[in-house]
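Visitor: Below you'll find the structure I mean.
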2 protein chains.
Amino acid sequence: MLEDRRLAVLQAIVSDYVATHEPVGSKALVDRHQLGVSPATIRNDMAALEEDGYITAPHTSAGRIPTDLGYRMFVDQISQVKPLSAAERKGIDLFLSDAVDLDDIMTRTVRLLAQLTKQVAVVQYPSLSRSQVRRIELIPLNEHRLMIMLIVDSGRVEQRIVECPVSIDEILLADLRARLSVAISDQPFSSVPQCIEDLEQSFNADNHPLVHAVIASILETVTAKLDERVVLGGASNLARYNEDFPMTIQPVLEALEEQVVLLRLLGEVGTETKLSVRIGHENEVEGLSSTSIVSSHYAKESTPVASLGVIGPTNMDYANSMSAVQAVAQYMSRFLSDK
Amino acid sequence: MLEDRRLAVLQAIVSDYVATHEPVGSKALVDRHQLGVSPATIRNDMAALEEDGYITAPHTSAGRIPTDLGYRMFVDQISQVKPLSAAERKGIDLFLSDAVDLDDIMTRTVRLLAQLTKQVAVVQYPSLSRSQVRRIELIPLNEHRLMIMLIVDSGRVEQRIVECPVSIDEILLADLRARLSVAISDQPFSSVPQCIEDLEQSFNADNHPLVHAVIASILETVTAKLDERVVLGGASNLARYNEDFPMTIQPVLEALEEQVVLLRLLGEVGTETKLSVRIGHENEVEGLSSTSIVSSHYAKESTPVASLGVIGPTNMDYANSMSAVQAVAQYMSRFLSDK
DNA sequence: GACTGGCACTCTAATTGCCAGAGTGCTAAT
DNA sequence: ATTAGCACTCTGGCAATTAGAGTGCCAGTC
């Protein structure tokens with residue numbers, strides 16, 4: 001009973017603070033929520049909550065604001081995420097439905113997410129390491145230069161230009177392409193290096209600089225960091241919450257420009273859980289200690305291939321962000337699996 | 001003589017203000033610059049400059065700051081841009097030299113530019129409309145879906161997925177590819193629609209839904225807005241000049257997120273001039289009236305293909321920005337022409 | 001005629017003191 | 001366990017004051 005009410009008080013504080021971005025006092029709480037008790041009682045509860053580290057007072061005579069721990073408790077309490085309204089779902093559908101290729105899907109998705117949540121949105125491209133090669137093409141551009149093109153089942157296309165020491169022999173090239181195609185089509189990326197190596201052996205590649213160059217380049221493509229890509233959107237939303245927060249947005253903007261950081265943010269979440277929320281200091285990226293990240297995997301044919309999410313101030317509307325992220329991830333998954 | 005000194009005063013004001021971001025008074029001017037006259041004399045000149053609209057006083061007892069017109073005069077005075085130092089040039093070389101493909105070049109360039117100028121950098125992809133088709137590929141992905149791939153002489157690759165109403169006939173596809181290849185290889189983008197139309201005629205395309213779909217899709221690709229792409233970098237530099245300026249960065253961030261706006265910014269510059277500077281209200285984009293844009297074309301084999309530039313506060317270091325933009329544009333041009 | 005020193009004037013930015021309001025913690029009473 | 005009441009503390013806003021910076025103008029000098 002008492003514990004119940006404390007929880008209710010915490011929830012009330014969080015939701016009020018998220019709405020107003022101002023410290024909330026005992027009086028305001030009883031006014032706006034039907035708690036059935038007097039401010040003084042609430043004050044006792046608040047003292048206890050503060051004692052336990054869920055809320056804190058900026059100064060003596062201000063209201064209380066939730067701590068990271070308080071948000072954590074609040075978020076954990078949202079067991080099942082409320083679904084979006086029919087209108088919203090329809091909007092998503094409309095927005096994503098006529099994308100023409102993967103790039104298009106990604107850009108649209110990130111915009112959508114930013115718009116739905118009014119936060120900064122991040123979407124990761126389907127990870128190559130969890131994908132299969134669908135096709136390989138070798139396209140000669142001129143005498144000494146050719147383009148390798150790997151088409152991946154997720155719809156991603158990786159291309160790379162190879163400088164060739166000798167002039168390109170069309171026949172050899174066709175042969176190589178055919179063999180490569182057999183060797184790595186429908187293979188998961190992870191096993192491509194092995195496949196290719198075997199192929200190189202059988203080819204006696206030392207005698208063929210062309211073959212060697214191509215194979216080296218494919219290996220690089222498959223193993224290089226460019227493995228992972230992310231798109232970003234809604235950065236202007238950062239400016240908005242600059243008002244409430246004296247925190248400078250510089251470190252945040254800087255972090256957002258670092259792909260590596262973004263990937264770590266999205267990647268930190270284990271593969272088992274779908275929806276993940278990291279609050280304030282819970283994420284250990286430098287300079288993002290007063291932001292929260294709501295993220296989720298999305299899948300192709302029910303195996304997760306990458307993540308997407310939003311980044312915002314710790315005092316964001318978690319319920320809304322969570323449902324938006326979840327919904328968009330689901331739509332993404334459906335889209336990818338269709339293809 | 002008198003006119004000469006007035007100009008010197010204006011230049012001194014601009015450079016001091018750019019350095020300190022604080023209004024500069026007559027005393028400070030004679031202290032820091034060897035003008036050989038007394039503050040009182042300077043004051044007379046300043047009064048005249050204010051009269052002519054080159055500088056203005058924020059309030060009675062502050063120093064003066066340049067107006068947009070003042071900056072304009074200052075910039076026009078920099079007739080020849082001072083070249084970068086050897087070290088800087090070497091740095092650029094190092095930074096750009098091992099790019100593996102066009103995307104890579106673009107990302108590196110934008111980073112470089114942002115870093116050199118400490119501003120927000122924008123680089124436009126080589127414009128399709130001023131490029132030639134180098135190659136076309138039609139790659140079947142499965143029974144009903146194929147990928148069209150246009151390889152452009154600038155190194156850009158445009159891909160698009162086509163849903164096909166009927167199952168794909170390999171023979172027909174090969175034929176189509178061959179004919180397309182003949183028809184549009186080495187053609188400028190602008191004449192592709194015509195070429196294709198002729199081809200469609202000769203093919204009697206109505207009888208071939210596949211052909212029809214492919215051709216329609218190519219047309220779309222060639223004419224669609226996706227023609228133009230830009231990359232953006234150094235947005236975190238925005239936060240830095242937020243301090244001096246009470247101007248909110250929100251509208252700027254918003255503008256930067258709109259590709260269309262960026263393109264207009266870069267595109268407004270006529271093809272004849274290489275280096276262009278637009279100051280404050282001179283650029284008519286909403287919300288960017290207190291920023292300046294320094295931009296330049298870059299070329300492939302001496303025909304301009306696109307632009308790049310930086311966006312910063314009107315009180316930026318024009319000399320530095322101008323030389324950086326010019327240098328980077330030159331390097332870009334050299335790189336492209338090599339390929 | 002161009003320049004300069006001097007001086008009165010104006011405006012800002014920073015400092016101080018003050019007051020009202022908000023919110024708390026505690027205690028005594030129910 | 002809850003509540004009413006009260007003393008206490010701290011912030012934020014407002015007004016008044018002041019120091020300083022910079023200007024404009026005028027009379028004098030080269």
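Going by the structure tokens order, chains are called A, B, ..., each with residues numbered from 1, while ligands are numbered from 1 in the order shown.
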If chain A is fitted onto chain B by least squares over all C-alpha atoms, taken pair by pair in sequence order, what do its new coordinates look like as a short mmCIF file (atom, residue, chain, number, x, y, z; two decimals) with C-alpha atoms, in the first residue's frame?
Guide:
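The file below, part_27.cif, is the result:
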```
data_model
loop_
_atom_site.label_atom_id
_atom_site.label_comp_id
_atom_site.auth_asym_id
_atom_site.auth_seq_id
_atom_site.Cartn_x
_atom_site.Cartn_y
_atom_site.Cartn_z
CA MET A 1 44.66 59.25 -49.07
CA LEU A 2 41.71 59.79 -46.87
CA GLU A 3 39.81 57.12 -48.73
CA ASP A 4 42.80 54.84 -48.35
CA ARG A 5 42.83 55.19 -44.64
CA ARG A 6 39.13 54.65 -44.33
CA LEU A 7 39.54 51.40 -46.14
CA ALA A 8 42.38 50.46 -43.83
CA VAL A 9 40.21 51.27 -40.85
CA LEU A 10 37.42 49.12 -42.17
CA GLN A 11 39.79 46.26 -42.76
CA ALA A 12 41.20 46.67 -39.29
CA ILE A 13 37.73 46.64 -37.78
CA VAL A 14 36.72 43.55 -39.67
CA SER A 15 39.82 41.60 -38.81
CA ASP A 16 39.71 42.61 -35.16
CA TYR A 17 36.07 41.77 -34.87
CA VAL A 18 36.53 38.45 -36.58
CA ALA A 19 39.33 37.67 -34.18
CA THR A 20 37.69 38.77 -30.95
CA HIS A 21 33.99 38.72 -31.75
CA GLU A 22 33.62 41.87 -29.74
CA PRO A 23 32.80 45.37 -30.88
CA VAL A 24 35.98 47.27 -31.54
CA GLY A 25 36.58 50.84 -30.47
CA SER A 26 38.82 53.58 -31.77
CA LYS A 27 41.38 53.21 -29.02
CA ALA A 28 41.81 49.51 -29.51
CA LEU A 29 42.23 50.08 -33.23
CA VAL A 30 45.17 52.45 -32.98
CA ASP A 31 46.72 50.25 -30.32
CA ARG A 32 46.67 47.11 -32.40
CA HIS A 33 47.26 48.50 -35.84
CA GLN A 34 49.92 50.90 -37.00
CA LEU A 35 47.65 53.59 -38.32
CA GLY A 36 49.83 56.52 -37.37
CA VAL A 37 46.98 58.71 -36.28
CA SER A 38 45.13 59.39 -33.07
CA PRO A 39 41.94 57.76 -31.89
CA ALA A 40 40.02 60.95 -32.52
CA THR A 41 40.88 60.85 -36.19
CA ILE A 42 39.84 57.27 -36.37
CA ARG A 43 36.59 58.24 -34.78
CA ASN A 44 35.90 60.63 -37.59
CA ASP A 45 36.59 57.95 -40.13
CA MET A 46 34.42 55.54 -38.24
CA ALA A 47 31.59 58.04 -38.22
CA ALA A 48 31.93 58.33 -41.97
CA LEU A 49 32.02 54.56 -42.40
CA GLU A 50 28.92 54.25 -40.30
CA GLU A 51 27.27 56.94 -42.36
CA ASP A 52 28.02 54.93 -45.48
CA GLY A 53 26.61 51.79 -43.91
CA TYR A 54 29.77 49.73 -43.58
CA ILE A 55 29.78 49.51 -39.83
CA THR A 56 27.32 49.95 -37.04
CA ALA A 57 27.29 50.45 -33.29
CA PRO A 58 25.29 47.99 -31.18
CA HIS A 59 24.72 50.79 -28.69
CA THR A 60 26.05 54.19 -27.81
CA SER A 61 29.03 53.20 -25.84
CA ALA A 62 30.20 50.05 -27.49
CA GLY A 63 32.67 49.82 -30.33
CA ARG A 64 31.62 49.23 -33.89
CA ILE A 65 30.93 46.02 -35.72
CA PRO A 66 30.91 45.53 -39.47
CA THR A 67 27.62 45.33 -41.32
CA ASP A 68 27.05 42.82 -44.08
CA LEU A 69 28.03 45.57 -46.45
CA GLY A 70 31.25 46.05 -44.52
CA TYR A 71 32.11 42.38 -44.83
CA ARG A 72 31.28 42.55 -48.50
CA MET A 73 33.72 45.39 -49.02
CA PHE A 74 36.33 43.52 -47.03
CA VAL A 75 35.90 40.34 -49.01
CA ASP A 76 35.97 42.13 -52.35
CA GLN A 77 39.23 43.64 -51.28
CA ILE A 78 40.80 40.22 -50.98
CA SER A 79 41.49 40.05 -54.66
CA GLN A 80 43.76 37.08 -54.75
CA VAL A 81 43.29 34.39 -52.18
CA LYS A 82 46.36 33.55 -50.26
CA PRO A 83 47.43 29.97 -50.86
CA LEU A 84 47.64 27.44 -48.07
CA SER A 85 50.90 26.60 -46.45
CA ALA A 86 52.92 23.67 -47.68
CA ALA A 87 52.09 21.76 -44.54
CA GLU A 88 48.42 22.27 -45.07
CA ARG A 89 48.61 21.16 -48.67
CA LYS A 90 50.46 18.09 -47.66
CA GLY A 91 47.83 17.39 -45.05
CA ILE A 92 45.10 17.59 -47.62
CA ASP A 93 46.93 15.27 -49.89
CA LEU A 94 47.46 12.76 -47.16
CA PHE A 95 43.89 12.96 -46.07
CA LEU A 96 42.36 12.43 -49.45
CA SER A 97 44.85 10.24 -51.17
CA ASP A 98 43.72 6.81 -50.11
CA ALA A 99 40.01 7.02 -50.72
CA VAL A 100 38.63 3.85 -52.18
CA ASP A 101 35.54 5.07 -53.95
CA LEU A 102 33.48 8.14 -54.59
CA ASP A 103 31.53 7.90 -51.35
CA ASP A 104 34.78 7.73 -49.54
CA ILE A 105 36.12 10.78 -51.32
CA MET A 106 33.03 12.75 -50.48
CA THR A 107 33.07 11.89 -46.80
CA ARG A 108 36.73 12.60 -46.48
CA THR A 109 36.43 15.88 -48.28
CA VAL A 110 33.63 17.15 -46.15
CA ARG A 111 35.50 16.24 -43.01
CA LEU A 112 38.61 17.87 -44.25
CA LEU A 113 36.84 21.06 -45.11
CA ALA A 114 35.09 21.20 -41.77
CA GLN A 115 38.35 20.67 -40.00
CA LEU A 116 40.30 23.24 -41.97
CA THR A 117 37.73 25.97 -41.57
CA LYS A 118 36.17 25.01 -38.26
CA GLN A 119 32.83 25.57 -39.91
CA VAL A 120 30.03 23.50 -41.25
CA ALA A 121 31.06 22.02 -44.57
CA VAL A 122 28.90 20.96 -47.48
CA VAL A 123 29.95 18.97 -50.50
CA GLN A 124 27.74 18.21 -53.42
CA TYR A 125 28.04 14.97 -55.32
CA PRO A 126 29.01 15.37 -58.95
CA SER A 127 25.83 16.39 -60.64
CA LEU A 128 24.31 13.73 -62.82
CA SER A 129 22.95 16.25 -65.23
CA ARG A 130 26.45 17.28 -66.13
CA SER A 131 27.80 13.76 -66.36
CA GLN A 132 27.95 10.98 -68.89
CA VAL A 133 26.78 7.43 -68.56
CA ARG A 134 29.70 5.13 -68.58
CA ARG A 135 27.98 1.82 -68.30
CA ILE A 136 24.68 0.22 -67.59
CA GLU A 137 24.06 -3.10 -65.94
CA LEU A 138 20.88 -5.07 -65.45
CA ILE A 139 21.24 -7.52 -62.66
CA PRO A 140 18.47 -10.01 -61.97
CA LEU A 141 17.89 -10.48 -58.28
CA ASN A 142 15.17 -13.06 -58.48
CA GLU A 143 12.27 -14.10 -60.69
CA HIS A 144 10.47 -10.81 -60.56
CA ARG A 145 12.98 -8.29 -59.48
CA LEU A 146 16.03 -6.81 -61.05
CA MET A 147 18.44 -4.07 -60.29
CA ILE A 148 19.37 -1.39 -62.74
CA MET A 149 22.76 0.05 -62.24
CA LEU A 150 24.02 3.17 -63.92
CA ILE A 151 27.69 3.85 -63.63
CA VAL A 152 28.58 7.43 -64.28
CA ASP A 153 31.88 8.82 -65.41
CA SER A 154 32.29 10.77 -62.20
CA GLY A 155 32.35 7.48 -60.35
CA ARG A 156 28.84 7.77 -59.06
CA VAL A 157 26.70 4.68 -59.16
CA GLU A 158 22.95 4.95 -59.28
CA GLN A 159 20.99 1.87 -58.55
CA ARG A 160 17.34 1.14 -58.58
CA ILE A 161 15.21 -1.90 -58.07
CA VAL A 162 12.55 -2.77 -60.60
CA GLU A 163 9.59 -4.97 -59.88
CA CYS A 164 8.79 -6.88 -62.98
CA PRO A 165 5.25 -7.94 -63.87
CA VAL A 166 6.40 -11.03 -65.71
CA SER A 167 9.13 -13.41 -64.81
CA ILE A 168 12.47 -12.36 -66.16
CA ASP A 169 13.69 -13.83 -69.38
CA GLU A 170 17.47 -14.06 -69.27
CA ILE A 171 17.91 -13.96 -73.00
CA LEU A 172 15.72 -10.95 -73.44
CA LEU A 173 17.47 -9.28 -70.57
CA ALA A 174 20.88 -9.79 -72.08
CA ASP A 175 19.65 -8.44 -75.36
CA LEU A 176 18.14 -5.44 -73.68
CA ARG A 177 21.29 -4.78 -71.75
CA ALA A 178 23.40 -4.92 -74.87
CA ARG A 179 21.17 -2.57 -76.73
CA LEU A 180 20.87 -0.17 -73.85
CA SER A 181 24.58 -0.23 -73.48
CA VAL A 182 25.10 0.74 -77.07
CA ALA A 183 22.42 3.36 -76.90
CA ILE A 184 23.46 5.28 -73.84
CA SER A 185 27.08 4.52 -73.06
CA ASP A 186 29.13 7.69 -73.13
CA GLN A 187 26.04 9.77 -73.62
CA PRO A 188 25.49 12.81 -71.45
CA PHE A 189 22.66 12.33 -69.02
CA SER A 190 20.67 15.03 -70.63
CA SER A 191 20.31 13.13 -73.85
CA VAL A 192 19.51 9.77 -72.28
CA PRO A 193 15.74 10.23 -72.38
CA GLN A 194 15.85 10.78 -76.11
CA CYS A 195 18.12 7.81 -76.71
CA ILE A 196 15.98 5.56 -74.64
CA GLU A 197 12.83 6.61 -76.29
CA ASP A 198 14.25 5.77 -79.67
CA LEU A 199 15.29 2.42 -78.34
CA GLU A 200 11.89 1.73 -76.94
CA GLN A 201 10.36 2.43 -80.32
CA SER A 202 12.65 0.03 -82.09
CA PHE A 203 11.94 -2.60 -79.49
CA ASN A 204 8.23 -2.41 -79.84
CA ALA A 205 8.18 -2.35 -76.11
CA ASP A 206 4.47 -2.75 -75.68
CA ASN A 207 4.93 -6.42 -76.21
CA HIS A 208 7.55 -6.67 -73.56
CA PRO A 209 6.45 -5.63 -70.10
CA LEU A 210 9.95 -6.24 -68.86
CA VAL A 211 11.45 -3.84 -71.33
CA HIS A 212 8.82 -1.31 -70.58
CA ALA A 213 9.36 -1.50 -66.84
CA VAL A 214 13.10 -1.18 -67.16
CA ILE A 215 12.93 1.75 -69.48
CA ALA A 216 10.39 3.55 -67.35
CA SER A 217 12.60 3.06 -64.34
CA ILE A 218 15.67 4.36 -66.09
CA LEU A 219 13.77 7.40 -67.17
CA GLU A 220 12.70 8.00 -63.63
CA THR A 221 16.23 7.65 -62.36
CA VAL A 222 17.55 10.04 -64.92
CA THR A 223 14.96 12.68 -64.39
CA ALA A 224 14.18 12.31 -60.69
CA LYS A 225 15.31 14.77 -58.08
CA LEU A 226 17.68 12.23 -56.63
CA ASP A 227 19.83 13.69 -59.26
CA GLU A 228 21.49 15.77 -56.59
CA ARG A 229 23.05 14.66 -53.36
CA VAL A 230 25.01 16.46 -50.72
CA VAL A 231 27.00 15.48 -47.70
CA LEU A 232 27.34 17.55 -44.60
CA GLY A 233 29.97 17.69 -41.92
CA GLY A 234 31.16 19.61 -38.92
CA ALA A 235 27.75 20.45 -37.56
CA SER A 236 29.24 20.51 -34.10
CA ASN A 237 31.04 23.67 -35.10
CA LEU A 238 27.68 25.35 -35.00
CA ALA A 239 27.56 24.95 -31.27
CA ARG A 240 30.80 26.83 -30.92
CA TYR A 241 29.62 30.05 -32.38
CA ASN A 242 26.44 29.84 -30.48
CA GLU A 243 28.28 31.42 -27.59
CA ASP A 244 29.07 34.71 -29.23
CA PHE A 245 25.79 34.82 -30.94
CA PRO A 246 22.46 34.86 -29.19
CA MET A 247 21.05 33.72 -32.47
CA THR A 248 19.45 30.38 -32.10
CA ILE A 249 21.01 27.63 -34.12
CA GLN A 250 17.72 25.90 -34.59
CA PRO A 251 16.84 27.49 -37.93
CA VAL A 252 20.32 26.84 -39.15
CA LEU A 253 20.20 23.19 -38.18
CA GLU A 254 16.83 22.93 -39.81
CA ALA A 255 18.06 24.46 -43.01
CA LEU A 256 21.01 22.14 -43.03
CA GLU A 257 18.73 19.15 -42.85
CA GLU A 258 16.93 20.17 -45.97
CA GLN A 259 18.85 18.92 -48.97
CA VAL A 260 16.89 21.23 -51.17
CA VAL A 261 17.99 24.25 -49.24
CA LEU A 262 21.60 23.18 -49.28
CA LEU A 263 21.47 22.61 -52.97
CA ARG A 264 20.02 26.00 -53.51
CA LEU A 265 22.75 27.51 -51.42
CA LEU A 266 25.45 25.82 -53.41
CA GLY A 267 23.65 26.14 -56.67
CA GLU A 268 22.87 29.81 -56.58
CA VAL A 269 26.37 30.60 -57.62
CA GLY A 270 26.66 31.09 -61.36
CA THR A 271 28.85 28.77 -63.34
CA GLU A 272 31.25 31.45 -64.45
CA THR A 273 32.79 32.46 -61.13
CA LYS A 274 34.93 29.99 -59.26
CA LEU A 275 34.88 31.24 -55.71
CA SER A 276 31.72 32.75 -54.36
CA VAL A 277 30.97 34.42 -51.07
CA ARG A 278 27.50 35.28 -49.94
CA ILE A 279 27.22 37.31 -46.80
CA GLY A 280 24.31 37.41 -44.39
CA HIS A 281 21.16 38.65 -46.03
CA GLU A 282 22.75 38.31 -49.45
CA ASN A 283 21.61 34.74 -49.43
CA GLU A 284 17.88 34.67 -49.40
CA VAL A 285 17.32 31.42 -47.57
CA GLU A 286 15.00 31.79 -44.65
CA GLY A 287 16.76 31.56 -41.32
CA LEU A 288 20.24 31.82 -42.72
CA SER A 289 20.33 35.55 -42.85
CA SER A 290 23.06 35.82 -40.28
CA THR A 291 25.31 33.25 -41.83
CA SER A 292 27.71 33.47 -44.71
CA ILE A 293 28.43 30.91 -47.36
CA VAL A 294 31.76 30.48 -49.07
CA SER A 295 31.52 28.12 -51.98
CA SER A 296 33.25 27.05 -55.13
CA HIS A 297 32.72 24.78 -58.06
CA TYR A 298 34.87 21.84 -58.61
CA ALA A 299 35.45 20.30 -61.95
CA LYS A 300 36.17 17.12 -63.77
CA GLU A 301 38.50 17.73 -66.64
CA SER A 302 37.86 21.45 -66.39
CA THR A 303 34.12 21.33 -66.76
CA PRO A 304 32.43 22.15 -63.46
CA VAL A 305 30.37 19.25 -62.13
CA ALA A 306 29.29 20.40 -58.68
CA SER A 307 30.02 22.70 -55.77
CA LEU A 308 31.34 22.58 -52.26
CA GLY A 309 31.62 25.12 -49.52
CA VAL A 310 31.31 26.10 -45.92
CA ILE A 311 28.62 27.80 -43.92
CA GLY A 312 29.42 29.91 -40.92
CA PRO A 313 28.53 33.02 -39.00
CA THR A 314 28.91 36.30 -40.83
CA ASN A 315 31.79 37.14 -38.55
CA MET A 316 33.90 34.25 -39.70
CA ASP A 317 37.45 34.31 -40.91
CA TYR A 318 36.80 34.93 -44.58
CA ALA A 319 40.39 34.84 -45.71
CA ASN A 320 40.94 31.45 -44.20
CA SER A 321 37.65 29.98 -45.34
CA MET A 322 38.15 31.24 -48.85
CA SER A 323 41.57 29.76 -49.23
CA ALA A 324 40.50 26.46 -47.72
CA VAL A 325 37.48 26.16 -49.96
CA GLN A 326 39.48 27.04 -53.00
CA ALA A 327 42.25 24.62 -52.19
CA VAL A 328 39.92 21.75 -51.45
CA ALA A 329 37.97 22.41 -54.63
CA GLN A 330 41.18 22.26 -56.58
CA TYR A 331 42.16 19.00 -55.00
CA MET A 332 38.74 17.57 -55.66
CA SER A 333 39.03 18.54 -59.29
CA ARG A 334 42.39 16.97 -59.61
CA PHE A 335 41.18 13.79 -58.00
CA LEU A 336 38.17 13.46 -60.20
CA SER A 337 40.11 14.12 -63.34
CA ASP A 338 42.60 11.43 -62.45
CA LYS A 339 39.93 8.82 -62.32
#
```
Visitor: With 9 Å as the cut-off and only C-alpha atoms (C1' of nucleotides) counted, what is the closest atom pair between each nearby residue of chain D and chain B? Distances in Å to one decimal, ordered by chain and number, as CSV.
Guide:
```
residue,atom,partner,partner_atom,distance
D:DA21,C1',B:Ser61,CA,6.4
D:DG22,C1',B:Ser61,CA,4.6
D:DT23,C1',B:Ser61,CA,6.3
D:DG24,C1',B:Arg43,CA,8.7
```
Visitor: Restricting the output to N, CA and C atoms (P, O5', C5', C4', C3', O3' and C1' of nucleotides), write the selected residues as a CSV table (one decimal), in the first residue's frame.
Guide:
```
chain,number,residue,atom,x,y,z
D,21,DA,P,37.4,50.4,-19.2
D,21,DA,O5',36.8,50.2,-20.6
D,21,DA,C5',35.6,49.5,-20.8
D,21,DA,C4',34.7,50.1,-21.9
D,21,DA,C3',35.6,50.7,-23.0
D,21,DA,O3',35.1,50.2,-24.2
D,21,DA,C1',33.9,52.2,-22.2
D,22,DG,P,36.1,50.4,-25.5
D,22,DG,O5',35.3,51.5,-26.2
D,22,DG,C5',33.9,51.3,-26.6
D,22,DG,C4',33.3,52.6,-27.0
D,22,DG,C3',34.2,53.4,-27.9
D,22,DG,O3',33.5,53.5,-29.2
D,22,DG,C1',33.3,54.7,-26.2
D,23,DT,P,34.2,54.4,-30.3
D,23,DT,O5',33.2,55.5,-30.6
D,23,DT,C5',31.8,55.2,-30.3
D,23,DT,C4',31.0,56.5,-30.0
D,23,DT,C3',31.3,57.6,-31.0
D,23,DT,O3',30.2,57.9,-31.7
D,23,DT,C1',31.4,58.3,-28.7
D,24,DG,P,30.4,58.8,-33.1
D,24,DG,O5',30.0,60.3,-32.6
D,24,DG,C5',28.9,60.5,-31.8
D,24,DG,C4',28.9,62.0,-31.4
D,24,DG,C3',29.3,62.9,-32.5
D,24,DG,O3',28.4,64.0,-32.5
D,24,DG,C1',30.8,63.2,-30.7
```
Visitor: Taking the backbone alone, and naming residues the way the document does, which bits of segment 81-301 of chain B are alpha helix (DSSP H) by DSSP, as a PyMOL selection string?
Guide: chain B and resi 86-97+102-117+170-184+192-203+209-223+236-240+250-257+259-267
Visitor: Quick one: which chain C residues come within 12 Å of chain A, and what is the nearest atom pair for each with the distance in Å to one decimal, counting only C-alpha atoms (C1' of nucleotides), rows ordered by chain and ascending number, as CSV?
Guide:
```
residue,atom,partner,partner_atom,distance
C:DG21,C1',A:Ser61,CA,10.0
C:DA22,C1',A:Ser61,CA,6.4
C:DG23,C1',A:Ser61,CA,4.6
C:DT24,C1',A:Ser61,CA,6.3
C:DG25,C1',A:Arg43,CA,8.8
C:DC26,C1',A:Asn44,CA,10.9
```
Visitor: In Å, how far is it from atom C1' of DC19 of chain C to atom C1' of DA15 of chain D?
Guide: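 Here the two named atoms are 11.1 Å from each other.
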Visitor: Name all residues at most 12 Å from DC26 of chain D (count only C-alpha atoms (C1' of nucleotides); drop same-chain ones fewer than 6 positions away) and give them as a PyMOL selection string.
Guide: chain C and resi 4-8
Visitor: What's the separation between atom C1' of DA13 of chain C and atom C1' of DG12 of chain D, in Å to one decimal place?
Guide: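 Between atom C1' of DA13 of chain C and atom C1' of DG12 of chain D the gap works out to 18.7 Å.
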Visitor: Mind giving me the straight-line distance from atom C1' of DC9 of chain C to atom C1' of DC30 of chain D in Å, one decimal?
Guide: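 For atom C1' of DC9 of chain C relative to atom C1' of DC30 of chain D, the distance reads 29.1 Å.
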Visitor: Run DSSP on the backbone and give me the residues of segment 86-316 of chain B it puts in strand (DSSP E), as a ChimeraX atom specification.
Guide: /B:120-124,133-142,145-152,157-163,230-233,275-278,291-300,303-313
